[in-house]
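J.: Below is the file coords_30.cif, with mmCIF, C-alpha atoms and all ligand atoms.
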data_protein
loop_
_atom_site.label_atom_id
_atom_site.label_comp_id
_atom_site.auth_asym_id
_atom_site.auth_seq_id
_atom_site.Cartn_x
_atom_site.Cartn_y
_atom_site.Cartn_z
CA MET T 1 0.00 0.00 0.00
CA LYS T 2 1.21 3.45 -0.90
CA TYR T 3 -0.49 6.62 0.32
CA CYS T 4 -0.97 9.91 -1.48
CA LYS T 5 1.52 12.43 -0.14
CA LEU T 6 -1.08 15.22 0.04
CA CYS T 7 -4.17 13.42 1.43
CA VAL T 8 -4.55 10.02 3.13
CA GLN T 9 -5.86 7.86 0.27
CA PRO T 10 -4.08 4.56 -0.31
CA ASP T 11 -3.55 3.35 -3.87
CA THR T 12 -5.58 0.24 -3.01
CA ARG T 13 -8.82 2.25 -3.19
CA PRO T 14 -10.63 1.68 -6.50
CA GLY T 15 -10.20 4.68 -8.80
CA ILE T 16 -7.14 6.01 -6.96
CA GLU T 17 -3.86 6.21 -8.85
CA LEU T 18 -0.69 7.94 -7.67
CA ASP T 19 1.40 9.88 -10.17
CA ALA T 20 5.21 9.80 -10.35
CA SER T 21 5.45 12.42 -7.59
CA GLY T 22 3.17 10.42 -5.28
CA VAL T 23 0.03 12.58 -5.63
CA CYS T 24 -3.35 10.88 -6.15
CA ASN T 25 -5.74 11.66 -8.98
CA ALA T 26 -8.41 12.84 -6.50
CA CYS T 27 -6.00 15.54 -5.25
CA ILE T 28 -5.19 16.45 -8.85
CA GLY T 29 -8.95 16.61 -9.47
CA HIS T 30 -9.29 18.98 -6.52
CA GLU T 31 -6.45 21.13 -7.85
CA GLU T 32 -8.36 21.35 -11.14
CA LYS T 33 -11.45 22.41 -9.19
CA THR T 34 -9.62 25.25 -7.45
CA ALA T 35 -7.13 26.43 -10.09
CA VAL T 36 -8.00 25.13 -13.55
CA ILE T 37 -11.75 24.84 -14.11
CA ASN T 38 -13.53 27.99 -15.22
CA TRP T 39 -16.67 27.69 -13.08
CA ALA T 40 -18.39 30.67 -14.67
CA GLU T 41 -18.05 28.90 -18.02
CA ARG T 42 -19.38 25.62 -16.58
CA LYS T 43 -22.35 27.47 -15.08
CA GLU T 44 -23.09 28.96 -18.47
CA GLN T 45 -22.88 25.48 -20.04
CA PHE T 46 -25.41 24.25 -17.48
CA GLU T 47 -27.75 27.15 -18.17
CA ASN T 48 -27.53 26.48 -21.91
CA LEU T 49 -28.31 22.82 -21.22
CA ILE T 50 -31.40 23.80 -19.21
CA LYS T 51 -32.46 26.12 -22.02
CA SER T 52 -32.14 23.48 -24.73
CA CYS T 53 -33.99 20.94 -22.58
CA GLN T 54 -36.77 23.45 -21.88
CA GLU T 55 -37.20 24.03 -25.61
CA ARG T 56 -37.89 20.39 -26.36
CA LYS T 57 -39.68 19.27 -23.20
CA ASP T 58 -43.01 17.61 -23.75
CA GLY T 59 -44.61 17.28 -20.31
CA PRO T 60 -45.12 18.99 -16.96
CA TYR T 61 -41.66 18.28 -15.50
CA ASP T 62 -38.53 20.23 -16.45
CA CYS T 63 -36.07 17.83 -14.89
CA LEU T 64 -35.80 14.68 -12.81
CA ILE T 65 -33.75 14.58 -9.62
CA PRO T 66 -32.81 11.17 -8.20
CA VAL T 67 -32.97 11.61 -4.41
CA SER T 68 -31.99 9.41 -1.48
CA GLY T 69 -33.00 11.61 1.42
CA GLY T 70 -29.44 12.74 2.06
CA LYS T 71 -28.10 16.30 2.19
CA ASP T 72 -27.10 16.28 -1.50
CA SER T 73 -30.71 15.52 -2.48
CA THR T 74 -31.85 18.67 -0.69
CA TYR T 75 -29.05 20.68 -2.29
CA GLN T 76 -29.89 19.39 -5.80
CA LEU T 77 -33.54 20.30 -5.31
CA HIS T 78 -32.53 23.73 -4.03
CA VAL T 79 -30.48 24.45 -7.17
CA MET T 80 -33.11 23.26 -9.63
CA LYS T 81 -36.21 24.60 -7.89
CA ASN T 82 -35.16 27.66 -5.92
CA ILE T 83 -32.34 28.98 -8.11
CA TYR T 84 -33.50 27.94 -11.59
CA LYS T 85 -37.25 28.04 -10.81
CA LEU T 86 -37.87 24.70 -12.55
CA ASN T 87 -40.50 22.06 -11.84
CA PRO T 88 -38.58 18.86 -10.95
CA LEU T 89 -39.86 15.34 -10.36
CA CYS T 90 -37.94 13.56 -7.61
CA VAL T 91 -37.44 9.78 -7.70
CA THR T 92 -36.20 7.55 -4.87
CA ILE T 93 -35.35 3.86 -4.92
CA ARG T 94 -36.40 2.58 -1.53
CA THR T 95 -33.58 0.75 0.21
CA PRO T 96 -34.57 -2.30 2.28
CA ALA T 97 -33.01 -0.47 5.25
CA ARG T 98 -34.33 3.06 5.05
CA THR T 99 -33.76 4.93 8.30
CA GLU T 100 -36.41 7.01 10.08
CA LEU T 101 -34.19 10.02 9.52
CA GLY T 102 -33.98 9.24 5.80
CA GLN T 103 -37.78 9.13 5.64
CA ARG T 104 -38.09 12.44 7.52
CA ASN T 105 -35.68 14.07 5.09
CA LEU T 106 -37.63 12.74 2.09
CA ASP T 107 -40.84 14.11 3.62
CA ASN T 108 -39.04 17.42 4.01
CA LEU T 109 -38.20 17.48 0.28
CA ILE T 110 -41.86 17.02 -0.59
CA ARG T 111 -42.73 19.84 1.82
CA ILE T 112 -40.19 22.10 0.04
CA GLY T 113 -42.48 21.58 -2.93
CA VAL T 114 -41.92 18.75 -5.38
CA ASP T 115 -43.71 15.68 -6.74
CA HIS T 116 -42.02 12.49 -5.63
CA ILE T 117 -42.01 8.82 -6.64
CA ASP T 118 -40.88 6.29 -4.04
CA PHE T 119 -40.05 3.14 -5.98
CA SER T 120 -39.97 -0.15 -4.02
CA ILE T 121 -38.71 -3.47 -5.31
CA ASN T 122 -40.21 -6.92 -4.67
CA THR T 123 -38.53 -8.05 -1.42
CA GLU T 124 -38.10 -11.67 -2.52
CA VAL T 125 -36.26 -10.68 -5.69
CA GLU T 126 -34.21 -8.09 -3.83
CA ARG T 127 -33.20 -10.58 -1.13
CA LYS T 128 -32.20 -13.23 -3.66
CA PHE T 129 -30.22 -10.75 -5.76
CA ILE T 130 -28.49 -9.05 -2.81
CA TYR T 131 -27.33 -12.42 -1.46
CA LYS T 132 -26.11 -13.60 -4.84
CA ALA T 133 -24.22 -10.37 -5.45
CA LEU T 134 -22.65 -10.41 -1.97
CA GLU T 135 -21.40 -13.94 -2.50
CA LYS T 136 -20.00 -13.18 -5.93
CA THR T 137 -18.59 -9.66 -5.50
CA GLY T 138 -18.41 -8.84 -1.77
CA ILE T 139 -20.50 -5.72 -2.45
CA VAL T 140 -23.23 -5.30 0.19
CA SER T 141 -25.92 -3.62 -1.87
CA LEU T 142 -24.86 -4.07 -5.48
CA PRO T 143 -28.45 -4.49 -6.77
CA PHE T 144 -29.50 -1.31 -5.00
CA HIS T 145 -26.79 0.62 -6.84
CA MET T 146 -28.00 -0.77 -10.15
CA ALA T 147 -31.63 0.21 -9.53
CA LEU T 148 -30.49 3.60 -8.26
CA PHE T 149 -28.96 4.41 -11.64
CA SER T 150 -31.46 2.76 -13.99
CA ILE T 151 -34.91 3.54 -12.53
CA PRO T 152 -34.60 7.35 -12.81
CA LEU T 153 -33.78 6.93 -16.53
CA ARG T 154 -36.89 4.78 -17.00
CA PHE T 155 -39.10 7.40 -15.35
CA ALA T 156 -37.50 10.21 -17.34
CA ALA T 157 -38.33 8.32 -20.55
CA LYS T 158 -41.90 7.51 -19.42
CA PHE T 159 -42.68 11.06 -18.28
CA LYS T 160 -40.79 12.63 -21.20
CA ILE T 161 -38.42 14.53 -18.92
CA PRO T 162 -35.42 15.77 -20.93
CA LEU T 163 -32.94 16.33 -18.10
CA ILE T 164 -31.73 14.21 -15.16
CA VAL T 165 -29.65 15.99 -12.54
CA TRP T 166 -27.40 13.74 -10.43
CA GLY T 167 -25.33 14.99 -7.49
CA GLU T 168 -21.58 14.76 -7.04
CA SER T 169 -19.30 13.53 -9.79
CA THR T 170 -17.54 10.51 -8.25
CA GLN T 171 -14.61 10.73 -10.66
CA MET T 172 -13.98 14.37 -9.74
CA GLU T 173 -14.26 13.86 -5.97
CA TYR T 174 -12.83 10.40 -5.22
CA GLY T 175 -10.45 9.58 -8.06
CA GLY T 176 -10.97 8.93 -11.76
CA SER T 177 -9.05 9.30 -14.99
CA ALA T 178 -8.31 12.75 -16.45
CA SER T 179 -10.72 12.16 -19.35
CA ASP T 180 -13.48 10.89 -17.03
CA ARG T 181 -13.11 14.00 -14.87
CA LYS T 182 -14.07 16.01 -17.95
CA ASN T 183 -17.17 13.92 -18.60
CA PRO T 184 -20.45 15.31 -17.19
CA TYR T 185 -22.63 12.35 -18.28
CA MET T 186 -24.02 9.44 -16.26
CA ASP T 187 -24.53 6.50 -18.62
CA ALA T 188 -24.07 2.71 -18.76
CA GLU T 189 -20.29 3.02 -19.15
CA TRP T 190 -20.16 5.24 -16.07
CA VAL T 191 -22.19 2.73 -14.01
CA LYS T 192 -19.81 -0.08 -14.95
CA LYS T 193 -16.80 2.00 -13.94
CA TYR T 194 -17.93 4.07 -10.94
CA GLY T 195 -21.34 2.72 -9.89
CA CYS T 196 -20.22 0.08 -7.33
CA SER T 197 -21.50 -2.55 -9.76
CA ASP T 198 -18.30 -4.58 -10.23
CA GLY T 199 -18.23 -3.71 -13.93
CA MET T 200 -21.67 -5.20 -14.58
CA LEU T 201 -25.18 -4.08 -15.44
CA GLY T 202 -28.45 -5.65 -14.26
CA GLU T 203 -28.85 -7.64 -17.47
CA ASP T 204 -25.57 -9.48 -16.77
CA TRP T 205 -27.29 -11.20 -13.82
CA ILE T 206 -30.18 -12.83 -15.71
CA ASP T 207 -30.10 -16.62 -15.16
CA GLN T 208 -32.33 -19.50 -14.03
CA ASP T 209 -32.74 -17.95 -10.53
CA LEU T 210 -33.50 -14.40 -11.61
CA SER T 211 -35.57 -13.80 -14.72
CA GLU T 212 -35.41 -10.81 -17.05
CA ASN T 213 -38.78 -9.58 -15.76
CA GLU T 214 -37.71 -9.88 -12.13
CA LEU T 215 -34.53 -7.96 -12.88
CA TYR T 216 -36.28 -5.22 -14.86
CA PRO T 217 -35.75 -2.53 -12.16
CA TYR T 218 -32.01 -3.24 -12.20
CA CYS T 219 -31.51 -3.33 -15.96
CA PHE T 220 -30.17 -0.26 -17.69
CA PRO T 221 -32.52 1.07 -20.38
CA ASP T 222 -31.02 0.43 -23.79
CA GLY T 223 -29.17 3.20 -25.56
CA GLU T 224 -31.71 3.32 -28.38
CA GLU T 225 -34.60 4.02 -25.99
CA LEU T 226 -32.62 6.82 -24.33
CA GLU T 227 -31.47 8.20 -27.66
CA LYS T 228 -35.08 8.37 -28.78
CA ALA T 229 -36.12 10.15 -25.60
CA LYS T 230 -33.08 12.48 -25.93
CA ILE T 231 -32.46 12.49 -22.20
CA GLN T 232 -29.48 14.42 -20.86
CA SER T 233 -28.24 12.70 -17.71
CA VAL T 234 -25.59 14.85 -16.00
CA PHE T 235 -23.79 15.41 -12.69
CA LEU T 236 -24.44 18.75 -11.03
CA GLY T 237 -20.96 18.43 -9.48
CA TYR T 238 -19.47 18.84 -12.96
CA TYR T 239 -21.03 22.30 -13.38
CA PHE T 240 -20.83 23.64 -9.82
CA LYS T 241 -17.91 23.28 -7.41
CA TRP T 242 -18.90 20.50 -5.03
CA ASP T 243 -18.22 20.76 -1.31
CA PRO T 244 -20.12 18.44 1.08
CA VAL T 245 -19.82 20.85 4.02
CA LYS T 246 -21.23 23.81 2.06
CA ASN T 247 -24.03 21.65 0.62
CA MET T 248 -24.85 20.62 4.17
CA GLU T 249 -25.28 24.25 5.22
CA THR T 250 -27.68 24.89 2.35
CA ALA T 251 -29.59 21.68 3.11
CA ARG T 252 -29.86 22.47 6.84
CA ASN T 253 -31.35 25.88 6.10
CA LEU T 254 -34.05 24.06 4.14
CA GLY T 255 -34.95 21.68 6.97
CA PHE T 256 -32.55 18.77 6.37
CA GLN T 257 -31.74 16.93 9.61
CA HIS T 258 -28.45 15.16 10.35
CA ARG T 259 -27.89 12.32 12.76
CA GLU T 260 -27.23 12.87 16.45
CA GLU T 261 -24.35 10.40 16.66
CA GLY T 262 -21.60 10.17 14.07
CA PRO T 263 -21.27 7.04 11.93
CA ALA T 264 -18.72 4.56 13.21
CA LEU T 265 -16.67 4.51 10.03
CA GLY T 266 -16.82 8.11 8.78
CA LEU T 267 -16.22 11.68 9.85
CA TYR T 268 -19.43 13.55 9.07
CA ASP T 269 -22.68 13.42 11.04
CA PHE T 270 -24.55 14.36 7.86
CA SER T 271 -23.42 11.66 5.43
CA ASP T 272 -24.96 8.25 4.85
CA VAL T 273 -28.00 9.10 6.97
CA ASP T 274 -30.59 7.48 4.73
CA CYS T 275 -29.79 3.75 4.79
CA ASP T 276 -28.61 1.44 7.58
CA PHE T 277 -26.71 -0.87 5.22
CA ILE T 278 -24.28 1.75 3.85
CA VAL T 279 -22.03 1.47 6.89
CA ILE T 280 -21.53 -2.26 6.12
CA HIS T 281 -20.51 -1.29 2.59
CA HIS T 282 -17.89 1.02 4.10
CA TYR T 283 -16.71 -1.68 6.51
CA ILE T 284 -16.03 -4.18 3.73
CA LYS T 285 -13.64 -1.65 2.16
CA TRP T 286 -11.46 -2.24 5.20
CA LEU T 287 -10.98 -5.89 4.27
CA LYS T 288 -10.74 -5.28 0.53
CA PHE T 289 -8.68 -2.10 0.39
CA GLY T 290 -7.40 -1.39 3.93
CA MET T 291 -9.36 1.88 4.12
CA THR T 292 -12.80 3.07 5.23
CA ARG T 293 -15.13 6.01 4.65
CA LEU T 294 -13.03 7.94 7.18
CA PHE T 295 -10.16 8.05 4.65
CA ASP T 296 -12.51 9.54 2.02
CA ASN T 297 -13.94 12.14 4.42
CA ILE T 298 -10.57 13.16 5.88
CA SER T 299 -9.06 13.47 2.40
CA VAL T 300 -11.88 15.85 1.41
CA GLU T 301 -11.26 17.92 4.56
CA ILE T 302 -7.49 18.10 3.90
CA ARG T 303 -8.04 19.16 0.27
CA ASN T 304 -10.45 21.88 1.37
CA GLY T 305 -7.94 23.18 3.92
CA ARG T 306 -10.13 22.43 6.95
CA MET T 307 -7.73 19.83 8.37
CA THR T 308 -3.98 19.32 8.07
CA ARG T 309 -2.65 15.99 6.82
CA GLU T 310 -1.00 15.42 10.24
CA GLU T 311 -4.34 15.93 12.01
CA GLY T 312 -5.96 13.54 9.56
CA ILE T 313 -3.37 10.83 10.14
CA GLN T 314 -3.71 11.31 13.91
CA ARG T 315 -7.48 10.92 13.60
CA ILE T 316 -7.07 7.67 11.66
CA ARG T 317 -4.58 6.31 14.20
CA GLN T 318 -7.02 7.00 17.05
CA ASN T 319 -9.91 5.37 15.24
CA GLU T 320 -10.42 1.68 15.84
CA VAL T 321 -12.16 0.05 12.87
CA ALA T 322 -14.87 -2.13 14.36
CA PRO T 323 -17.57 -4.00 12.43
CA PRO T 324 -21.01 -2.29 12.62
CA LYS T 325 -22.66 -5.09 14.60
CA LYS T 326 -26.20 -3.74 14.79
CA GLN T 327 -26.38 -3.10 11.05
CA ILE T 328 -24.80 -6.46 10.17
CA SER T 329 -27.41 -8.19 12.31
CA MET T 330 -30.18 -6.28 10.47
CA TYR T 331 -28.63 -7.18 7.13
CA CYS T 332 -28.45 -10.89 8.00
CA ASP T 333 -32.07 -10.78 9.21
CA PHE T 334 -33.06 -9.27 5.88
CA LEU T 335 -31.15 -11.93 3.95
CA LYS T 336 -32.40 -14.66 6.33
CA ILE T 337 -28.88 -16.01 6.86
CA PRO T 338 -26.95 -16.65 10.09
CA GLU T 339 -24.21 -14.12 10.86
CA THR T 340 -21.59 -16.86 10.69
CA GLN T 341 -22.45 -17.30 7.02
CA PHE T 342 -22.07 -13.55 6.44
CA TRP T 343 -18.60 -13.60 8.01
CA GLU T 344 -17.56 -16.66 6.01
CA ILE T 345 -18.51 -14.88 2.80
CA LEU T 346 -16.77 -11.68 3.88
CA GLU T 347 -13.55 -13.48 4.71
CA THR T 348 -13.30 -14.71 1.12
CA PHE T 349 -12.96 -11.06 0.07
CA ARG T 350 -10.12 -10.19 2.43
CA ASN T 351 -7.24 -8.90 0.31
CA HIS T 352 -4.28 -11.16 1.09
CA VAL T 353 -1.86 -8.89 -0.75
CA ILE T 354 -2.25 -6.25 2.00
CA TRP T 355 -3.46 -8.32 5.00
CA LYS T 356 -1.04 -10.71 6.76
CA LYS T 357 -1.37 -12.92 9.85
CA ASP T 358 0.88 -12.35 12.88
CA ASP T 359 2.41 -15.12 15.04
CA LYS T 360 -0.78 -15.36 17.09
CA GLY T 361 -2.92 -15.76 13.97
CA ASN T 362 -4.40 -12.24 14.03
CA TRP T 363 -4.82 -10.31 10.80
CA TYR T 364 -2.92 -7.02 10.43
CA LEU T 365 -1.90 -4.58 7.69
CA PRO T 366 1.92 -4.46 7.55
CA ASP T 367 1.87 -1.30 5.39
CA PHE T 368 -0.82 0.57 7.36
CA LEU T 369 0.14 4.28 7.46
CA LYS T 370 3.72 3.22 6.75
CA GLY T 371 6.09 6.17 6.39
CA MET T 372 3.39 8.70 7.30
ZN ZN A 1 -4.47 12.64 -2.57
#
How does this structure look as structure tokens?
T.:
Amino acid sequence: MKYCKLCVQPDTRPGIELDASGVCNACIGHEEKTAVINWAERKEQFENLIKSCQERKDGPYDCLIPVSGGKDSTYQLHVMKNIYKLNPLCVTIRTPARTELGQRNLDNLIRIGVDHIDFSINTEVERKFIYKALEKTGIVSLPFHMALFSIPLRFAAKFKIPLIVWGESTQMEYGGSASDRKNPYMDAEWVKKYGCSDGMLGEDWIDQDLSENELYPYCFPDGEELEKAKIQSVFLGYYFKWDPVKNMETARNLGFQHREEGPALGLYDFSDVDCDFIVIHHYIKWLKFGMTRLFDNISVEIRNGRMTREEGIQRIRQNEVAPPKKQISMYCDFLKIPETQFWEILETFRNHVIWKKDDKGNWYLPDFLKGM
């Protein structure tokens, strides 16, 4: 494991690459955000995009906003409704582990003034698919990610909505290639690369256990259908400088509520508030990549100058990475499997290149924070 010399990201994290001088592509992306990108120009591009979509819209809604009930959802709605005075339709894919707080924040969005579709998936299909995907990829909620990216496109096509506005651009914030950082579009290629889908789309999972009809909510609409509907599916984070802390302030002023206690594996009390399973997803990164959500959050804080790298490293050293027991128990209840089975599956995804066993048989990371 090698760490970026400016932030705390290890090169084991998917998407992260260090250049010859030891700087990661997420830090280079941030440098582009502060010193290279002409944000006034990007804003103008976005306004032209809205204009062209308005000219050819054929229904009551100007744009579609995929929302989870998190702070970014509130921020996206604020930009499209309050700043650009548009009439958005919001769409949520219901997670099997929606939190009470997530529900309250969704209710708040509707109160701000927007029509909302809450799309739920057949529990039996979801359970079968989640288990299958966990066993094969070690990703906790892979099917959920697939539905999250495909269902909004389906609704945009059905309701003839020309524009879909996603939140942050993953490749600009957490590491991605230079050409991907210049790409505003969310499409099938993006999902395979950055959508936590292990390089697959819903249709790749059709077999004797899961039929094409059962997997419909997870399958990406075909290019032809989207081409015909002329839908523009873009990241707001490409056009406006993204900062989770500033978005949080905007969201809070509009009634968004954060959690009282911080998540075990991250830094912010306002992130990942909408689903109880997300924290398990972050935990598995520990076994696969030797990092957790805390590394992502701290790296963002360092890049934004709100924390020094030394403080960040100190914070990581003090933090003991413990499995989120309550959430794992809920997850196993949902899947109807014993926890021992969950742990057996998880262990098959431990990365033996970075994890070694000591004399007493305990796992440890020999390169953890080495040289930092
Ligand atoms: Zn970095």
J.: Residues within 12 Å of ligand ZN 1 (chain A), counting all atoms listed in the file: report them as a PyMOL selection string.
T.: chain T and resi 2-11+13+15-19+21-31+173-176+295-304+309
J.: Give me, as a list in words, all polymer residues having an atom no more than 9 Å from Thr137 (chain T), counting only C-alpha atoms and skipping those fewer than 4 positions away in the same chain.
T.: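 Listing them by chain and then by number gives Lys132, Ala133, Leu142, Ser197, Asp198 and Phe349 of chain T.
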J.: Report the distance between CA of Met186 (chain T) and CA of Ser233 (chain T) in Å, rounded to one decimal place.
T.: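 Answer for the CA of Met186 (chain T) to CA of Ser233 (chain T) separation: 5.5 Å.
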J.: For each of T:Asp333, T:Glu260, T:Asp209, T:Asp269, take the minimum atom-to-atom distance to Pro244 (chain T), counting all atoms listed in the file, then give the residue where this is smallest.
T.: T:Asp269
J.: Write out as a list in words which residues come within 12 Å of Asn253 (chain T) when counting all atoms listed in the file, dropping same-chain ones fewer than 5 positions away.
T.: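 In the requested format, the answer is Lys71, Thr74, Tyr75, His78, Asn108, Ile112, Lys246, Asn247, Met248 and His258 of chain T.
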J.: Point out the residue among T:Leu101, T:Lys241, T:Leu287, T:Asp107 with the least atom-to-atom distance to Val36 (chain T), counting all atoms listed in the file.
T.: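 Closest residue, counting all atoms listed in the file: T:Lys241.
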J.: Provide the CA of Lys81 (chain T) to CA of Val273 (chain T) distance in Å, to one decimal place.
T.: 23.0 Å
J.: Quick one, how far is CA of Ser150 (chain T) from CA of Thr123 (chain T)?
T.: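 A separation of 18.0 Å between them.
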J.: In the coordinate frame of the file, compute which residues have an atom within 8 Å of (-37.1, -1.9, -11.0) when using all atoms listed in the file, and state them as a VMD selection string.
T.: chain T and resid 119 to 121 147 150 to 151 215 to 219
J.: What lies within 10 Å of Trp242 (chain T) using all atoms listed in the file, ignoring chain neighbours under 5 positions off, as a count of residues only?
T.: 11
J.: Restricting the calculation to all atoms listed in the file, which member of T:Lys356, T:Tyr238, T:Ile284, T:Ile328 is positioned closest to Glu41 (chain T)?
T.: T:Tyr238
J.: Would you kindly return, as a ChimeraX atom specification, each protein, DNA or RNA residue with an atom no farther than 10 Å from any atom of Val67 (chain T), considering all atoms listed in the file and excluding same-chain residues fewer than 6 positions away?
T.: /T:73-74,76-77,89-93,106,109,116-118,148,152,165-167
J.: Find, counting only C-alpha atoms, the residue in T:Pro366, T:Gly223, T:Gly102, T:Pro162 that gets nearest to Pro60 (chain T).
T.: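 Residue with the minimum atom-to-atom distance to Pro60 (chain T): T:Pro162.
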J.: Near Phe240 (chain T), within 9 Å and counting all atoms listed in the file, which residues show up once chain neighbours fewer than 3 positions away are dropped, as a count of residues only?
T.: 7
J.: Considering only C-alpha atoms, can you say which of T:Gln103, T:Gly199, T:Gly70, T:Phe235 comes closest to Arg181 (chain T)?
T.: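 Once distances to Arg181 (chain T) are computed over only C-alpha atoms, the minimum belongs to T:Phe235.
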J.: Given all atoms listed in the file as the basis, pick out the residue of T:Asp243, T:Asp367, T:Glu320, T:Glu135 nearest to Thr348 (chain T).
T.: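 Counting all atoms listed in the file, the residue closest to Thr348 (chain T) is T:Glu135.
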